[in-house]
Protein chains: 2
Amino acid sequence: MAIRVAVDAMGGDHAPGVVIEGALRAVCESEGRLHVLLYGPEDVLRLALKAYPESPHISVVHAPQVIGMGDSPVAAVRAKPRSSIHCGLMGHKEGRADAFLSAGNTGATVAASLFVLGRLPGVFRPSLPSCYPTTEGACTILDVGSNMDSKPEHLLQFAKMGSAYARIISDIAKPRIGLLSVGEEPGKGNELVRTTHELLVNAIDLNFIGNVEGRDILHHRADVVVCDGFVGNVVLKLGESITTALPSMIGQELQRLTTELSVMQTIEQMFTGLKRRFDPEEYGGGSPLLGVEGEVFILHGSSSARAIERCLLMAARAAKLDLTGAIRRALSP
Amino acid sequence: MAIRVAVDAMGGDHAPGVVIEGALRAVCESEGRLHVLLYGPEDVLRLALKAYPESPHISVVHAPQVIGMGDSPVAAVRAKPRSSIHCGLMGHKEGRADAFLSAGNTGATVAASLFVLGRLPGVFRPSLPSCYPTTEGACTILDVGSNMDSKPEHLLQFAKMGSAYARIISDIAKPRIGLLSVGEEPGKGNELVRTTHELLVNAIDLNFIGNVEGRDILHHRADVVVCDGFVGNVVLKLGESITTALPSMIGQELQRLTTELSVMQTIEQMFTGLKRRFDPEEYGGGSPLLGVEGEVFILHGSSSARAIERCLLMAARAAKLDLTGAIRRALSP
C-alpha cells in the first residue's frame, strides 16, 4: 500500500503552485508508492491543479482556513481551527495519512503539532535537526533554533533523538554523537556543556565520541552534532553564508591570477556544484519535528518544488521505517 | 623615541628561534621606531642570537625561569615569579617597556597579566578579541573563548572594549557593533542576548546596529561582533576550518569538470590566497588582552616569525596610540 502524506498545500511563499509541483514530482518519482493529500480551500486547489497534468496519486482535502507566513503562531492556531495545517495534522492523527508536511508558518506548524499530536512520552522540547554539509557528505546538527536556553537534560534528549534520526533516515548503524564545545577535554565548555558531557558519557545506548569543536563540523568528526539551539542556529547560518561570501573572496584572489575565460568558467561551474552542497533544497529540503507523536516535516517558506519533492520522499521514508517509533524507544528509560 | 616592547622570548612552540626572528623582522620593518626587549635566560638567548645578524634595536633582559606550554597557568605563575612572562610584564608595569607580547602559555599570560598589571577600573572580565576574515577584509569578534557563561553586563563591556579597539587599531571612526543572535528583531535570541540587546540600545556612546545573525559575519554587516565566549569560540574555529575543509569539497567538484593542468594550478594558487585570508598569521597574528592595565598581546603557541613580526608592530601601534587609555575612557561611566 502506498504511503499517504498529508501536505499543507497553502504553506510557503509560493503556495499552492510550488507545493503542487513538488507533490507531482514526488509521486512521479515514487512510482505509485506515495499518495499525497493536499489540504487547503478546495476551490483554490482545484483551480490551481488545472495547470498540471492529472495524477491518481494526488487528492484534495478541503480545509477552508489559511494561516499566513506572518501570523502570530499561537494566536493563529487558536483562531483558525480549520486551517490547512490543523486539518492536515488531524488527518495524520486520525490515520488518514502516515505523515504531515508543511512549508508554511514554522511556528504555527510546531504549535499545532504540539496541540494536535502532542509530545512523545517524556519529551521536554521537540527539536528540528538540520543537515550540515561536510567533507564526507553531511552530518546532522541539532538543535538549530527552536530551543533557546536549553538544560543538560534537553541536550541529552536531542542526542538520543538525533541518534535515532541518523540511524533511520541516514542509515548509519551507530551514529557518532559529538557534543559541540570549545575543546576536546570533558572539562571544557560552559556550564551547560560540562554537565551535558557527564549525562552523555553515562548514556550507554549512545555512541558518544566526546566533545567536538567548531572546526570538526565541516570535517565530519561526528555524524550528529549536539548543541543548544542558539549556538546551532549561529553555526547553521554561518555555514549557509560560506557559499554566498566565498565567490567574492575567490573572485578577488582570481583577478590577480588569471583573466582566461575558460578558467573562469570552470570555476563558476565548480561553484555551482559547491553551492548545491550547501543548498538546503539539495541536501534534504526539510527537517522532521523530532519529539512529537507523529511524522511531521517542516520546510523553509522559500522552498522550491524540488525541495518539497525531496522532503516528501523523506517523509514517506520516515513513515515507512517508523521514525517516531524509533525515537519513542530511544527515549524510553 | 622608539616604542619599547617587552617580549617573552621563551614563549611558543619554536621559541626562542622564531621569536628572535620575528623580532628582527619587526625592528627592520619599523626602521628604528621599535626596540624589542627579549626576556628569558640570558645564556640561552645570547647563544640563540648568535645565529642572527646583530641589531642595535634588540636587547636581552635576564629572566631565569620558563613557564612551559603545558604548565597549569595559575600554579606556574605562583611557582615561577622570575619567569620570562612575569619579568616581561614587570618591565612593562615599571615603565621600562611600553607593551608586552607572548606566544607562550596563554592561560599563564592572562593570569600573570591580571596579577602583575591588574584590571582597568570596573572591568569584570578581560577579553581577547579575534580578527575574522570577511568579504570586505576582516571584522573583530569578541569574546572568543576566554569567558564562558557571560552575563549581559560582560557583553556590554566587550562591546565597549571592542569598539575602542576597532577605532584605535583598525582606524574605523564609528565601528558598527552587532550583537550575535538568531534573528534581527530585538526579541530574538536567548535570555543573555535579549537582556544585552537592551543594554546596548541604551549605550549612547556605541554605534549599535542591532542583532546580527551567523550569516552576517562573513558578509561584514558589523565591524565588531559581540558574543559570549562559548559561541565566539565555536564561530572562530568553524571559520578557521573553511579553508581546510573546502579544498577537498572543491576537489570533488572539479574532478567532474576538468583535468586540465593549468586550471588546476590556477585554482591551487587561488586557494593559497584564500588560505592567507583565513590565516591568523596573516591577518594580524595575535590579539590584545583588552581590559588590563597595560598593552598585552597574546599569540598562538604555533605562531611563525611572520606572525610575531606582525603582532609586534600592532603592539607598538597600540602603545603609541594609547589603546589602554581609549579603553579606560570607553568604560568610564
# chains A, B, ... in the order shown; residues from 1 in each chain; ligands from 1
$ residues_around --residues "region 259-273 of chain B" --least-positions-apart "6" --cutoff "8 Å" --atoms "only C-alpha atoms" --output "mmCIF file with N, CA, C and O atoms, in the first residue's frame"
data_model
loop_
_atom_site.group_PDB
_atom_site.id
_atom_site.type_symbol
_atom_site.label_atom_id
_atom_site.label_comp_id
_atom_site.auth_asym_id
_atom_site.auth_seq_id
_atom_site.Cartn_x
_atom_site.Cartn_y
_atom_site.Cartn_z
ATOM 1 N N ILE A 250 36.917 34.722 -3.500
ATOM 2 C CA ILE A 250 37.663 33.979 -4.512
ATOM 3 C C ILE A 250 37.864 34.833 -5.759
ATOM 4 O O ILE A 250 38.935 34.831 -6.369
ATOM 5 N N GLU A 253 40.769 37.012 -5.354
ATOM 6 C CA GLU A 253 42.029 36.284 -5.490
ATOM 7 C C GLU A 253 42.326 35.991 -6.968
ATOM 8 O O GLU A 253 43.457 36.124 -7.424
ATOM 9 N N LEU A 254 41.262 35.586 -7.703
ATOM 10 C CA LEU A 254 41.453 35.170 -9.099
ATOM 11 C C LEU A 254 41.881 36.319 -9.995
ATOM 12 O O LEU A 254 42.675 36.132 -10.914
ATOM 13 N N LEU A 257 45.320 36.431 -10.578
ATOM 14 C CA LEU A 257 45.981 35.253 -11.141
ATOM 15 C C LEU A 257 45.736 35.045 -12.634
ATOM 16 O O LEU A 257 46.615 34.613 -13.359
ATOM 17 N N THR A 258 44.523 35.335 -13.078
ATOM 18 C CA THR A 258 44.208 34.997 -14.465
ATOM 19 C C THR A 258 43.059 35.835 -15.000
ATOM 20 O O THR A 258 42.254 36.362 -14.229
ATOM 21 N N VAL A 263 39.164 29.262 -17.618
ATOM 22 C CA VAL A 263 39.405 29.025 -16.192
ATOM 23 C C VAL A 263 38.246 29.593 -15.377
ATOM 24 O O VAL A 263 37.720 28.947 -14.463
ATOM 25 N N THR A 266 35.209 27.361 -15.650
ATOM 26 C CA THR A 266 35.330 26.134 -14.857
ATOM 27 C C THR A 266 35.076 26.429 -13.384
ATOM 28 O O THR A 266 34.391 25.686 -12.684
ATOM 29 N N ILE A 267 35.641 27.550 -12.926
ATOM 30 C CA ILE A 267 35.490 27.894 -11.518
ATOM 31 C C ILE A 267 34.041 28.247 -11.200
ATOM 32 O O ILE A 267 33.518 27.894 -10.142
ATOM 33 N N THR B 243 38.849 26.916 5.149
ATOM 34 C CA THR B 243 39.887 26.696 4.132
ATOM 35 C C THR B 243 40.560 25.330 4.252
ATOM 36 O O THR B 243 41.268 24.922 3.356
ATOM 37 N N PRO B 247 39.052 22.683 0.266
ATOM 38 C CA PRO B 247 39.809 22.098 -0.841
ATOM 39 C C PRO B 247 39.324 20.700 -1.232
ATOM 40 O O PRO B 247 39.207 20.392 -2.412
#
$ closest_atom_pairs --of "chain B" --to "chain A" --cutoff "7 Å" --atoms "only C-alpha atoms" --output "CSV"
residue,atom,partner,partner_atom,distance
B:Thr135,CA,A:Met249,CA,5.8
B:Met148,CA,A:Asn190,CA,5.2
B:Asp149,CA,A:Asn190,CA,5.7
B:Val182,CA,A:Asn233,CA,6.1
B:Gly189,CA,A:Phe230,CA,6.8
B:Asn190,CA,A:Met148,CA,5.2
B:Glu191,CA,A:Asp149,CA,6.9
B:Glu213,CA,A:Val234,CA,6.4
B:Gly214,CA,A:Leu238,CA,4.3
B:Arg215,CA,A:Leu238,CA,4.5
B:Leu218,CA,A:Ala245,CA,6.1
B:His219,CA,A:Ala245,CA,6.0
B:Phe230,CA,A:Val182,CA,6.5
B:Val231,CA,A:Val231,CA,6.0
B:Asn233,CA,A:Val182,CA,6.1
B:Val234,CA,A:Gly214,CA,4.4
B:Val235,CA,A:Gly214,CA,6.4
B:Lys237,CA,A:Gly214,CA,4.7
B:Leu238,CA,A:Gly214,CA,4.3
B:Glu240,CA,A:Arg215,CA,6.7
B:Ser241,CA,A:Arg215,CA,4.9
B:Ala245,CA,A:His219,CA,6.0
B:Ser248,CA,A:Thr135,CA,6.5
B:Met249,CA,A:Thr135,CA,5.7
B:Ile250,CA,A:Leu274,CA,6.8
B:Glu253,CA,A:Met270,CA,5.7
B:Leu254,CA,A:Met270,CA,5.9
B:Leu257,CA,A:Thr266,CA,6.9
B:Val263,CA,A:Val263,CA,5.6
B:Thr266,CA,A:Leu257,CA,6.9
B:Met270,CA,A:Glu253,CA,5.7
B:Gly273,CA,A:Glu253,CA,6.1
B:Leu274,CA,A:Ile250,CA,6.7
$ select_by_dssp --residues "region 49-233 of chain A" --states "strand (DSSP E or B)" --output "number ranges by chain"
A: 58-62, 65, 83, 99-102, 119, 127, 130-134, 137-142, 176-180, 207-212, 224-226
$ atom_distance --atom1 "CA of Pro288 (chain A)" --atom2 "CA of Ser163 (chain A)"
13.3 Å
